[in-house]
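Here is entry19.pdb, consisting of PDB, C-alpha atoms, pLDDT in the B column:
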MODEL        1
ATOM      1  CA  MET A   1      10.989 -35.225 103.936  1.00 41.00           C
ATOM      2  CA  ILE A   2       7.967 -35.780 106.219  1.00 42.00           C
ATOM      3  CA  GLN A   3       9.637 -38.825 107.864  1.00 58.00           C
ATOM      4  CA  SER A   4      12.797 -36.889 108.682  1.00 77.00           C
ATOM      5  CA  PRO A   5      13.392 -34.558 111.646  1.00 89.00           C
ATOM      6  CA  ILE A   6      13.073 -31.553 109.309  1.00 91.00           C
ATOM      7  CA  PRO A   7       9.302 -31.117 109.882  1.00 91.00           C
ATOM      8  CA  ARG A   8       9.820 -30.937 113.651  1.00 93.00           C
ATOM      9  CA  VAL A   9      12.350 -28.150 113.183  1.00 95.00           C
ATOM     10  CA  LEU A  10       9.974 -26.264 110.888  1.00 96.00           C
ATOM     11  CA  SER A  11       7.121 -26.719 113.376  1.00 95.00           C
ATOM     12  CA  THR A  12       9.314 -25.339 116.152  1.00 97.00           C
ATOM     13  CA  PHE A  13      10.203 -22.282 114.077  1.00 97.00           C
ATOM     14  CA  LEU A  14       6.514 -21.691 113.310  1.00 97.00           C
ATOM     15  CA  LYS A  15       5.648 -22.137 116.989  1.00 96.00           C
ATOM     16  CA  HIS A  16       8.085 -19.385 117.970  1.00 98.00           C
ATOM     17  CA  LYS A  17       7.004 -17.128 115.076  1.00 97.00           C
ATOM     18  CA  VAL A  18      10.441 -16.949 113.479  1.00 98.00           C
ATOM     19  CA  LYS A  19      10.270 -15.033 110.202  1.00 98.00           C
ATOM     20  CA  ALA A  20      12.370 -17.318 108.027  1.00 98.00           C
ATOM     21  CA  LEU A  21      12.546 -18.734 104.506  1.00 98.00           C
ATOM     22  CA  LEU A  22      13.419 -22.324 103.769  1.00 97.00           C
ATOM     23  CA  ILE A  23      16.327 -22.361 101.319  1.00 96.00           C
ATOM     24  CA  GLY A  24      18.983 -24.864 100.233  1.00 92.00           C
ATOM     25  CA  GLY A  25      18.442 -28.560  99.626  1.00 91.00           C
ATOM     26  CA  GLN A  26      15.130 -28.849 101.467  1.00 92.00           C
ATOM     27  CA  ALA A  27      13.656 -26.053  99.330  1.00 95.00           C
ATOM     28  CA  CYS A  28      14.912 -27.831  96.205  1.00 94.00           C
ATOM     29  CA  ILE A  29      13.065 -30.979  97.286  1.00 92.00           C
ATOM     30  CA  LEU A  30       9.815 -29.022  97.566  1.00 92.00           C
ATOM     31  CA  TYR A  31      10.313 -27.621  94.060  1.00 94.00           C
ATOM     32  CA  GLY A  32      10.650 -31.127  92.634  1.00 90.00           C
ATOM     33  CA  ALA A  33      14.432 -31.187  92.178  1.00 86.00           C
ATOM     34  CA  ALA A  34      15.252 -33.856  94.744  1.00 72.00           C
ATOM     35  CA  GLU A  35      18.455 -33.423  96.698  1.00 67.00           C
ATOM     36  CA  PHE A  36      19.617 -35.589  99.576  1.00 66.00           C
ATOM     37  CA  SER A  37      20.288 -33.388 102.571  1.00 68.00           C
ATOM     38  CA  ARG A  38      20.443 -34.026 106.313  1.00 76.00           C
ATOM     39  CA  ASP A  39      20.697 -30.301 107.062  1.00 91.00           C
ATOM     40  CA  ILE A  40      18.258 -27.429 106.988  1.00 95.00           C
ATOM     41  CA  ASP A  41      19.156 -23.982 105.648  1.00 96.00           C
ATOM     42  CA  LEU A  42      17.129 -20.906 106.518  1.00 98.00           C
ATOM     43  CA  ALA A  43      17.302 -17.242 105.586  1.00 98.00           C
ATOM     44  CA  VAL A  44      15.986 -15.059 108.394  1.00 98.00           C
ATOM     45  CA  MET A  45      14.841 -11.498 108.770  1.00 98.00           C
ATOM     46  CA  VAL A  46      17.549  -9.723 110.754  1.00 98.00           C
ATOM     47  CA  SER A  47      15.922  -7.748 113.543  1.00 98.00           C
ATOM     48  CA  SER A  48      16.239  -7.834 117.316  1.00 97.00           C
ATOM     49  CA  LYS A  49      12.704  -9.205 117.736  1.00 98.00           C
ATOM     50  CA  ASN A  50      13.071 -11.912 115.111  1.00 98.00           C
ATOM     51  CA  LEU A  51      16.478 -13.001 116.412  1.00 98.00           C
ATOM     52  CA  GLY A  52      14.926 -13.170 119.868  1.00 98.00           C
ATOM     53  CA  ASN A  53      12.287 -15.538 118.492  1.00 98.00           C
ATOM     54  CA  LEU A  54      15.010 -17.472 116.678  1.00 98.00           C
ATOM     55  CA  ARG A  55      16.989 -17.971 119.890  1.00 98.00           C
ATOM     56  CA  LEU A  56      13.859 -19.296 121.618  1.00 98.00           C
ATOM     57  CA  ALA A  57      13.352 -21.784 118.773  1.00 98.00           C
ATOM     58  CA  LEU A  58      16.996 -22.875 118.914  1.00 98.00           C
ATOM     59  CA  ASP A  59      16.775 -23.312 122.682  1.00 98.00           C
ATOM     60  CA  ASP A  60      13.603 -25.369 122.235  1.00 98.00           C
ATOM     61  CA  LEU A  61      15.514 -27.630 119.801  1.00 98.00           C
ATOM     62  CA  GLY A  62      18.463 -27.882 122.143  1.00 98.00           C
ATOM     63  CA  ALA A  63      20.597 -26.413 119.376  1.00 97.00           C
ATOM     64  CA  GLY A  64      24.140 -25.339 120.148  1.00 96.00           C
ATOM     65  CA  ARG A  65      26.609 -23.388 118.023  1.00 96.00           C
ATOM     66  CA  ILE A  66      29.129 -25.622 116.255  1.00 94.00           C
ATOM     67  CA  PHE A  67      31.357 -23.092 114.468  1.00 88.00           C
ATOM     68  CA  VAL A  68      32.222 -19.427 114.724  1.00 89.00           C
ATOM     69  CA  PRO A  69      30.680 -16.882 114.551  1.00 93.00           C
ATOM     70  CA  ASP A  70      28.178 -16.252 117.313  1.00 93.00           C
ATOM     71  CA  LEU A  71      24.631 -15.389 116.275  1.00 96.00           C
ATOM     72  CA  SER A  72      24.107 -11.605 116.131  1.00 96.00           C
ATOM     73  CA  GLU A  73      22.545  -8.955 113.923  1.00 97.00           C
ATOM     74  CA  ASP A  74      25.970  -7.618 112.938  1.00 96.00           C
ATOM     75  CA  VAL A  75      27.301 -11.036 111.962  1.00 96.00           C
ATOM     76  CA  LEU A  76      24.277 -11.893 109.812  1.00 97.00           C
ATOM     77  CA  LEU A  77      24.172  -8.499 108.099  1.00 97.00           C
ATOM     78  CA  ARG A  78      27.848  -8.852 107.179  1.00 95.00           C
ATOM     79  CA  GLY A  79      26.933 -11.958 105.172  1.00 96.00           C
ATOM     80  CA  HIS A  80      28.126 -14.702 107.506  1.00 96.00           C
ATOM     81  CA  ALA A  81      26.201 -17.890 108.206  1.00 96.00           C
ATOM     82  CA  CYS A  82      25.657 -19.187 111.743  1.00 97.00           C
ATOM     83  CA  HIS A  83      25.689 -22.943 112.309  1.00 97.00           C
ATOM     84  CA  PHE A  84      23.951 -25.036 114.960  1.00 97.00           C
ATOM     85  CA  ARG A  85      23.558 -28.705 115.895  1.00 97.00           C
ATOM     86  CA  CYS A  86      20.327 -29.934 117.499  1.00 97.00           C
ATOM     87  CA  HIS A  87      20.464 -32.042 120.654  1.00 96.00           C
ATOM     88  CA  ARG A  88      16.770 -32.470 121.470  1.00 96.00           C
ATOM     89  CA  GLU A  89      16.041 -36.182 121.216  1.00 95.00           C
ATOM     90  CA  ASP A  90      13.560 -36.059 118.311  1.00 93.00           C
ATOM     91  CA  VAL A  91      15.884 -33.915 116.143  1.00 94.00           C
ATOM     92  CA  LYS A  92      19.222 -35.029 117.555  1.00 94.00           C
ATOM     93  CA  GLY A  93      22.205 -34.464 115.267  1.00 94.00           C
ATOM     94  CA  LEU A  94      20.387 -32.260 112.743  1.00 95.00           C
ATOM     95  CA  ARG A  95      22.381 -29.247 111.607  1.00 96.00           C
ATOM     96  CA  ILE A  96      20.729 -25.855 111.095  1.00 97.00           C
ATOM     97  CA  ASP A  97      22.438 -23.149 109.045  1.00 97.00           C
ATOM     98  CA  ILE A  98      21.137 -19.591 109.432  1.00 98.00           C
ATOM     99  CA  ILE A  99      21.920 -16.711 107.069  1.00 98.00           C
ATOM    100  CA  GLY A 100      20.611 -13.185 106.711  1.00 98.00           C
ATOM    101  CA  VAL A 101      22.276 -11.864 103.547  1.00 97.00           C
ATOM    102  CA  MET A 102      23.219 -13.718 100.344  1.00 97.00           C
ATOM    103  CA  ARG A 103      25.223 -12.779  97.290  1.00 96.00           C
ATOM    104  CA  GLY A 104      23.301 -12.089  94.115  1.00 94.00           C
ATOM    105  CA  VAL A 105      19.818 -11.912  95.605  1.00 97.00           C
ATOM    106  CA  ASP A 106      17.540  -9.288  97.094  1.00 97.00           C
ATOM    107  CA  SER A 107      17.461  -8.290 100.751  1.00 96.00           C
ATOM    108  CA  PHE A 108      15.154 -10.302 102.990  1.00 98.00           C
ATOM    109  CA  PRO A 109      12.061  -8.046 102.617  1.00 97.00           C
ATOM    110  CA  GLY A 110      12.180  -8.510  98.836  1.00 98.00           C
ATOM    111  CA  LEU A 111      12.696 -12.256  99.164  1.00 98.00           C
ATOM    112  CA  TRP A 112       9.794 -12.441 101.605  1.00 98.00           C
ATOM    113  CA  LYS A 113       7.441 -10.720  99.149  1.00 98.00           C
ATOM    114  CA  ARG A 114       8.266 -13.323  96.482  1.00 97.00           C
ATOM    115  CA  ARG A 115       8.103 -16.324  98.810  1.00 98.00           C
ATOM    116  CA  GLU A 116       6.043 -19.426  98.159  1.00 97.00           C
ATOM    117  CA  GLU A 117       3.937 -20.796 100.987  1.00 97.00           C
ATOM    118  CA  ILE A 118       3.707 -24.570 100.865  1.00 94.00           C
ATOM    119  CA  ASP A 119       1.202 -26.341 103.078  1.00 94.00           C
ATOM    120  CA  LEU A 120       2.903 -29.388 104.598  1.00 90.00           C
ATOM    121  CA  PRO A 121       0.741 -32.019 106.333  1.00 89.00           C
ATOM    122  CA  GLY A 122       0.976 -31.818 110.081  1.00 86.00           C
ATOM    123  CA  ILE A 123       3.047 -28.622 109.968  1.00 91.00           C
ATOM    124  CA  GLY A 124       1.106 -25.868 108.241  1.00 92.00           C
ATOM    125  CA  LYS A 125       2.210 -23.279 105.743  1.00 94.00           C
ATOM    126  CA  VAL A 126       5.978 -23.105 105.393  1.00 96.00           C
ATOM    127  CA  ALA A 127       7.571 -20.069 103.739  1.00 98.00           C
ATOM    128  CA  VAL A 128       9.965 -21.151 100.985  1.00 98.00           C
ATOM    129  CA  MET A 129      12.272 -18.921  98.980  1.00 98.00           C
ATOM    130  CA  GLY A 130      10.750 -18.155  95.573  1.00 98.00           C
ATOM    131  CA  LEU A 131      12.108 -20.277  92.737  1.00 98.00           C
ATOM    132  CA  SER A 132      13.767 -17.449  90.822  1.00 97.00           C
ATOM    133  CA  ASP A 133      15.539 -16.280  93.984  1.00 98.00           C
ATOM    134  CA  LEU A 134      16.550 -19.826  94.896  1.00 97.00           C
ATOM    135  CA  VAL A 135      18.120 -20.291  91.465  1.00 98.00           C
ATOM    136  CA  ARG A 136      20.117 -17.074  91.830  1.00 97.00           C
ATOM    137  CA  ALA A 137      21.204 -18.036  95.348  1.00 97.00           C
ATOM    138  CA  LYS A 138      22.507 -21.350  93.984  1.00 96.00           C
ATOM    139  CA  LYS A 139      25.011 -19.635  91.683  1.00 97.00           C
ATOM    140  CA  THR A 140      27.994 -20.349  93.872  1.00 97.00           C
ATOM    141  CA  GLN A 141      31.484 -21.825  93.583  1.00 97.00           C
ATOM    142  CA  ARG A 142      30.220 -25.183  94.864  1.00 96.00           C
ATOM    143  CA  ASP A 143      30.175 -27.952  92.272  1.00 96.00           C
ATOM    144  CA  LYS A 144      26.913 -29.448  93.539  1.00 93.00           C
ATOM    145  CA  ASP A 145      24.883 -26.271  93.014  1.00 95.00           C
ATOM    146  CA  TRP A 146      25.108 -26.066  89.226  1.00 97.00           C
ATOM    147  CA  PRO A 147      23.447 -29.411  88.429  1.00 95.00           C
ATOM    148  CA  MET A 148      20.773 -28.445  90.970  1.00 95.00           C
ATOM    149  CA  ILE A 149      20.027 -25.194  89.120  1.00 97.00           C
ATOM    150  CA  ARG A 150      19.596 -27.216  85.948  1.00 97.00           C
ATOM    151  CA  ARG A 151      17.210 -29.663  87.651  1.00 96.00           C
ATOM    152  CA  LEU A 152      15.196 -26.863  89.255  1.00 97.00           C
ATOM    153  CA  ILE A 153      14.543 -25.212  85.889  1.00 97.00           C
ATOM    154  CA  GLU A 154      13.820 -28.496  84.145  1.00 97.00           C
ATOM    155  CA  ALA A 155      11.311 -29.450  86.855  1.00 96.00           C
ATOM    156  CA  ASP A 156       9.612 -26.061  86.503  1.00 97.00           C
ATOM    157  CA  ILE A 157       9.394 -26.352  82.709  1.00 97.00           C
ATOM    158  CA  TYR A 158       8.089 -29.912  82.670  1.00 95.00           C
ATOM    159  CA  GLY A 159       5.600 -29.196  85.443  1.00 94.00           C
ATOM    160  CA  ALA A 160       4.188 -26.025  83.863  1.00 94.00           C
ATOM    161  CA  SER A 161       0.841 -25.623  82.170  1.00 89.00           C
ATOM    162  CA  SER A 162       0.549 -25.685  78.385  1.00 90.00           C
ATOM    163  CA  ASN A 163       0.039 -21.924  78.384  1.00 93.00           C
ATOM    164  CA  PRO A 164       2.738 -20.418  80.643  1.00 96.00           C
ATOM    165  CA  SER A 165       2.813 -16.708  81.424  1.00 96.00           C
ATOM    166  CA  GLN A 166       5.268 -14.431  79.668  1.00 97.00           C
ATOM    167  CA  ASP A 167       7.064 -13.862  82.977  1.00 97.00           C
ATOM    168  CA  LYS A 168       7.524 -17.614  83.352  1.00 97.00           C
ATOM    169  CA  VAL A 169       8.929 -17.952  79.830  1.00 98.00           C
ATOM    170  CA  CYS A 170      11.303 -15.043  80.485  1.00 98.00           C
ATOM    171  CA  PHE A 171      12.486 -16.786  83.637  1.00 98.00           C
ATOM    172  CA  TRP A 172      13.173 -20.019  81.751  1.00 98.00           C
ATOM    173  CA  LEU A 173      15.053 -18.283  78.949  1.00 98.00           C
ATOM    174  CA  THR A 174      17.074 -16.284  81.454  1.00 98.00           C
ATOM    175  CA  GLU A 175      18.049 -19.186  83.713  1.00 98.00           C
ATOM    176  CA  CYS A 176      17.725 -22.490  81.822  1.00 98.00           C
ATOM    177  CA  ARG A 177      21.013 -24.414  81.596  1.00 98.00           C
ATOM    178  CA  THR A 178      19.954 -27.312  79.364  1.00 97.00           C
ATOM    179  CA  PRO A 179      21.019 -26.725  75.714  1.00 98.00           C
ATOM    180  CA  GLU A 180      18.239 -28.834  74.206  1.00 97.00           C
ATOM    181  CA  LEU A 181      15.585 -27.010  76.210  1.00 97.00           C
ATOM    182  CA  LEU A 182      17.072 -23.611  75.366  1.00 98.00           C
ATOM    183  CA  ILE A 183      16.882 -24.423  71.656  1.00 98.00           C
ATOM    184  CA  SER A 184      13.297 -25.644  72.056  1.00 97.00           C
ATOM    185  CA  LEU A 185      12.256 -22.569  74.049  1.00 98.00           C
ATOM    186  CA  ALA A 186      13.905 -20.197  71.571  1.00 98.00           C
ATOM    187  CA  ALA A 187      12.041 -21.879  68.726  1.00 98.00           C
ATOM    188  CA  GLU A 188       8.695 -21.719  70.552  1.00 97.00           C
ATOM    189  CA  TYR A 189       9.106 -18.155  71.830  1.00 97.00           C
ATOM    190  CA  PRO A 190      11.383 -16.428  69.270  1.00 97.00           C
ATOM    191  CA  ASP A 191      10.341 -12.847  70.066  1.00 98.00           C
ATOM    192  CA  ILE A 192      10.973 -13.228  73.784  1.00 98.00           C
ATOM    193  CA  ALA A 193      14.249 -15.063  73.123  1.00 98.00           C
ATOM    194  CA  SER A 194      15.458 -12.290  70.831  1.00 98.00           C
ATOM    195  CA  ARG A 195      14.638  -9.663  73.424  1.00 98.00           C
ATOM    196  CA  ILE A 196      16.386 -11.488  76.276  1.00 98.00           C
ATOM    197  CA  ALA A 197      19.405 -12.246  74.069  1.00 98.00           C
ATOM    198  CA  VAL A 198      20.465  -8.622  74.623  1.00 97.00           C
ATOM    199  CA  SER A 199      21.284  -9.471  78.241  1.00 97.00           C
ATOM    200  CA  ARG A 200      21.971 -13.195  77.730  1.00 98.00           C
ATOM    201  CA  PRO A 201      23.904 -13.513  74.445  1.00 96.00           C
ATOM    202  CA  LEU A 202      23.961 -17.307  74.413  1.00 97.00           C
ATOM    203  CA  LEU A 203      20.292 -17.171  73.383  1.00 98.00           C
ATOM    204  CA  ARG A 204      21.482 -16.100  69.940  1.00 98.00           C
ATOM    205  CA  SER A 205      23.141 -19.506  69.695  1.00 98.00           C
ATOM    206  CA  ALA A 206      19.926 -21.116  70.930  1.00 98.00           C
ATOM    207  CA  ILE A 207      17.958 -19.315  68.210  1.00 97.00           C
ATOM    208  CA  GLU A 208      20.471 -20.664  65.676  1.00 97.00           C
ATOM    209  CA  GLY A 209      20.270 -24.147  67.174  1.00 97.00           C
ATOM    210  CA  ASN A 210      24.011 -24.283  67.882  1.00 97.00           C
ATOM    211  CA  GLN A 211      24.159 -26.720  70.796  1.00 97.00           C
ATOM    212  CA  GLU A 212      27.955 -26.884  70.957  1.00 97.00           C
ATOM    213  CA  GLU A 213      28.246 -23.107  71.238  1.00 98.00           C
ATOM    214  CA  ILE A 214      25.544 -23.029  73.914  1.00 98.00           C
ATOM    215  CA  GLN A 215      27.546 -25.522  75.987  1.00 98.00           C
ATOM    216  CA  ARG A 216      30.629 -23.342  75.745  1.00 98.00           C
ATOM    217  CA  LEU A 217      28.764 -20.189  76.707  1.00 98.00           C
ATOM    218  CA  LEU A 218      27.057 -21.925  79.628  1.00 98.00           C
ATOM    219  CA  ARG A 219      30.497 -22.849  80.954  1.00 98.00           C
ATOM    220  CA  ASP A 220      31.564 -19.219  80.585  1.00 98.00           C
ATOM    221  CA  GLU A 221      28.492 -18.087  82.557  1.00 97.00           C
ATOM    222  CA  GLU A 222      29.238 -20.592  85.289  1.00 98.00           C
ATOM    223  CA  ASP A 223      32.907 -19.603  85.486  1.00 98.00           C
ATOM    224  CA  ARG A 224      31.988 -15.930  85.897  1.00 98.00           C
ATOM    225  CA  GLU A 225      29.543 -16.667  88.710  1.00 98.00           C
ATOM    226  CA  ARG A 226      32.003 -18.961  90.473  1.00 98.00           C
ATOM    227  CA  GLU A 227      34.633 -16.224  90.400  1.00 98.00           C
ATOM    228  CA  LEU A 228      32.201 -13.608  91.686  1.00 98.00           C
ATOM    229  CA  ASP A 229      31.289 -15.953  94.527  1.00 98.00           C
ATOM    230  CA  ARG A 230      34.951 -16.521  95.391  1.00 98.00           C
ATOM    231  CA  GLN A 231      35.522 -12.765  95.481  1.00 98.00           C
ATOM    232  CA  TYR A 232      32.453 -12.274  97.685  1.00 97.00           C
ATOM    233  CA  TRP A 233      33.528 -14.898 100.216  1.00 97.00           C
ATOM    234  CA  ALA A 234      37.249 -14.076 100.339  1.00 97.00           C
ATOM    235  CA  PRO A 235      36.987 -11.233 102.918  1.00 96.00           C
ATOM    236  CA  LEU A 236      34.340 -13.125 104.895  1.00 96.00           C
ATOM    237  CA  LYS A 237      36.582 -16.194 105.093  1.00 95.00           C
ATOM    238  CA  ALA A 238      39.485 -13.997 106.223  1.00 95.00           C
ATOM    239  CA  GLU A 239      37.262 -12.551 108.939  1.00 95.00           C
ATOM    240  CA  LEU A 240      36.241 -16.032 110.076  1.00 94.00           C
ATOM    241  CA  GLU A 241      39.879 -17.096 110.294  1.00 93.00           C
ATOM    242  CA  ALA A 242      40.657 -14.044 112.417  1.00 92.00           C
ATOM    243  CA  TRP A 243      37.777 -14.909 114.774  1.00 90.00           C
ATOM    244  CA  ARG A 244      38.929 -18.530 115.019  1.00 88.00           C
ATOM    245  CA  HIS A 245      42.491 -17.404 115.735  1.00 85.00           C
ATOM    246  CA  GLY A 246      41.234 -15.044 118.431  1.00 81.00           C
ATOM    247  CA  MET A 247      39.146 -17.796 120.052  1.00 75.00           C
ATOM    248  CA  ASN A 248      42.071 -20.235 120.021  1.00 73.00           C
ATOM    249  CA  LYS A 249      44.394 -17.621 121.495  1.00 69.00           C
ATOM    250  CA  LYS A 250      41.896 -16.840 124.246  1.00 69.00           C
ATOM    251  CA  ARG A 251      41.432 -20.559 124.972  1.00 66.00           C
ATOM    252  CA  ASN A 252      45.186 -21.151 125.152  1.00 66.00           C
ATOM    253  CA  ASN A 253      45.682 -18.165 127.465  1.00 69.00           C
ATOM    254  CA  SER A 254      43.071 -19.545 129.850  1.00 65.00           C
ATOM    255  CA  LEU A 255      44.869 -22.900 130.211  1.00 56.00           C
TER     256      LEU A 255
ENDMDL
END
Mind turning the file's structure into structure tokens?
Amino acid sequence: MIQSPIPRVLSTFLKHKVKALLIGGQACILYGAAEFSRDIDLAVMVSSKNLGNLRLALDDLGAGRIFVPDLSEDVLLRGHACHFRCHREDVKGLRIDIIGVMRGVDSFPGLWKRREEIDLPGIGKVAVMGLSDLVRAKKTQRDKDWPMIRRLIEADIYGASSNPSQDKVCFWLTECRTPELLISLAAEYPDIASRIAVSRPLLRSAIEGNQEEIQRLLRDEEDRERELDRQYWAPLKAELEAWRHGMNKKRNNSL
């Protein structure tokens, strides 16, 4: 990551005091679940002052809008993402996606409280979405996100100390998507697994060691989240289409 243009974008955001959280593929890289990505995704605090700082940072990067909608408080609070392409020579071609609200996760102030601050050489402390929030944000209809959730949890488990906190174990049992690890965790922490099984029934199958049933129930979980994500985005996509149609109509009328 340090040899890519990403650090220069992050430095520019820090320079202009943009209150933002690194999310998406670049955040996954920092959590040890490598993902190839040429883009940078950021969740921002939606306020007039912060968006003013954001616009200064985008101007500094020579970033121009590449899709509808325009950047505004209203647009971000409705759940839309705003997309930009950098034209400054040292970051030329890099895409930046900005979002203010996401399905399935807390509002920005809550996300900010749970952030991780990672000190990157030559940049400083970069605010990264907390792992539990990142996992929830990844529960989308996109095929690529589900293997990433699995890798994020696996990396967290394998990188943990030999005496993890109860909160950490609860997180693993709630979000892990690897049948073998679920069975192992349920065997090592049976009381916690039994308690969480009330809200995540597939843990009963993990306690029983039924790997085939776990696989089936994991697919059911994924299908439910994919459908919820489709329902969430349906009205937003319709709104985007209406904006695009309006822009095209205006452009045609001006010819």
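Run against this file, the PyMOL selection byres ((chain A and resi 64) around 10) gives back Leu58, Asp59, Leu61, Gly62, Ala63, Arg65, Ile66, Phe67, His83, Phe84, Arg85, Cys86, His87, Arg95 and Ile96 of chain A.
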Output the selection as a PDB file, in the coordinates of the input - C-alpha atoms for each residue.
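For reference, again_3.pdb as written:
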ATOM      1  CA  LEU A  58      16.996 -22.875 118.914  1.00 98.00           C
ATOM      2  CA  ASP A  59      16.775 -23.312 122.682  1.00 98.00           C
ATOM      3  CA  LEU A  61      15.514 -27.630 119.801  1.00 98.00           C
ATOM      4  CA  GLY A  62      18.463 -27.882 122.143  1.00 98.00           C
ATOM      5  CA  ALA A  63      20.597 -26.413 119.376  1.00 97.00           C
ATOM      6  CA  ARG A  65      26.609 -23.388 118.023  1.00 96.00           C
ATOM      7  CA  ILE A  66      29.129 -25.622 116.255  1.00 94.00           C
ATOM      8  CA  PHE A  67      31.357 -23.092 114.468  1.00 88.00           C
ATOM      9  CA  HIS A  83      25.689 -22.943 112.309  1.00 97.00           C
ATOM     10  CA  PHE A  84      23.951 -25.036 114.960  1.00 97.00           C
ATOM     11  CA  ARG A  85      23.558 -28.705 115.895  1.00 97.00           C
ATOM     12  CA  CYS A  86      20.327 -29.934 117.499  1.00 97.00           C
ATOM     13  CA  HIS A  87      20.464 -32.042 120.654  1.00 96.00           C
ATOM     14  CA  ARG A  95      22.381 -29.247 111.607  1.00 96.00           C
ATOM     15  CA  ILE A  96      20.729 -25.855 111.095  1.00 97.00           C
TER      16      ILE A  96
END
Next on the checklist: Here's the selection I'm unsure about, the PyMOL selection byres ((chain A and resi 44-57) around 10); applied to the file above, which residues does it give, as a PyMOL selection string?
Outcome noted: chain A and resi 9-22+41-43+58-63+71-77+98-101+107-109+111-112
Checklist entry - Residues picked by the PyMOL selection byres ((chain A and resi 150) around 10) here, as a PyMOL selection string? => result chain A and resi 33+135+145-149+151-155+175-178
Next on the checklist: To one decimal place in Å, what is the distance between CA of Ile6 (chain A) and CA of Arg136 (chain A)?
Outcome noted: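 Those two atoms sit 23.8 Å apart.
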Next on the checklist: Using all atoms listed in the file for the distances, tell me which of A:Leu185, A:Ala193, A:Val128, A:Val68 is nearest to Gln26 (chain A).
Outcome noted: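 Closest residue, counting all atoms listed in the file: A:Val128.
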Applying 10 Å and all atoms listed in the file, which residues near region 220-233 of chain A remain after dropping the ones on its own chain fewer than 6 positions away? List them as a PDB file with C-alpha atoms, in the coordinates of the input.
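Printed below is part.pdb as written:
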ATOM      1  CA  GLY A  79      26.933 -11.958 105.172  1.00 96.00           C
ATOM      2  CA  HIS A  80      28.126 -14.702 107.506  1.00 96.00           C
ATOM      3  CA  MET A 102      23.219 -13.718 100.344  1.00 97.00           C
ATOM      4  CA  ARG A 103      25.223 -12.779  97.290  1.00 96.00           C
ATOM      5  CA  GLY A 104      23.301 -12.089  94.115  1.00 94.00           C
ATOM      6  CA  ARG A 136      20.117 -17.074  91.830  1.00 97.00           C
ATOM      7  CA  LYS A 138      22.507 -21.350  93.984  1.00 96.00           C
ATOM      8  CA  LYS A 139      25.011 -19.635  91.683  1.00 97.00           C
ATOM      9  CA  THR A 140      27.994 -20.349  93.872  1.00 97.00           C
ATOM     10  CA  GLN A 141      31.484 -21.825  93.583  1.00 97.00           C
ATOM     11  CA  ARG A 142      30.220 -25.183  94.864  1.00 96.00           C
ATOM     12  CA  ASP A 143      30.175 -27.952  92.272  1.00 96.00           C
ATOM     13  CA  TRP A 146      25.108 -26.066  89.226  1.00 97.00           C
ATOM     14  CA  ARG A 177      21.013 -24.414  81.596  1.00 98.00           C
ATOM     15  CA  ARG A 200      21.971 -13.195  77.730  1.00 98.00           C
ATOM     16  CA  LEU A 202      23.961 -17.307  74.413  1.00 97.00           C
ATOM     17  CA  ILE A 214      25.544 -23.029  73.914  1.00 98.00           C
ATOM     18  CA  GLU A 239      37.262 -12.551 108.939  1.00 95.00           C
TER      19      GLU A 239
END
Checklist entry - Between CA of Pro5 (chain A) and CA of Arg38 (chain A), what is the distance, to one decimal in Å? => result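 These two atoms are separated by 8.9 Å.
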Next on the checklist: Could you tell me how far CA of Leu203 (chain A) sits from CA of Pro179 (chain A), in Å to one decimal place?
Outcome noted: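 Pair CA of Pro179 (chain A) / CA of Leu203 (chain A) returns 9.9 Å.
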Checklist entry - Which one is closest to Tyr31 (chain A): A:Asp106, A:Asp90, A:Glu117, A:Asp97? Count all atoms listed in the file. => result A:Glu117
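Here the question is which of A:Gly209, A:Gly24, A:Gly159, A:Pro235 gets nearest to Gly130 (chain A) using all atoms listed in the file, and that residue is A:Gly24.
Across A:Ala238, A:Ala81, A:Leu182, A:Leu131, the tightest approach to Lys168 (chain A) is made by A:Leu131 when counting all atoms listed in the file.
Shortest atom-to-atom contact with Ser205 (chain A) among A:Ala186, A:Lys92, A:Ala34, A:Asp191: A:Ala186, counting all atoms listed in the file.
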Checklist entry - In file coordinates, which residues lie within 7 Å of (6.7, -30.4, 109.1) using all atoms listed in the file, given as a PyMOL selection string? => result chain A and resi 2+6-8+10-11+120-123
With all atoms of region 27-31 of chain A from the file as input, state the centre and edge lengths in Å to one decimal of the axis-aligned box that has 8 Å extra on each side, as lines of an AutoDock Vina configuration file.
center_x = 12.4
center_y = -28.5
center_z = 96.7
size_x = 21.1
size_y = 20.9
size_z = 21.3
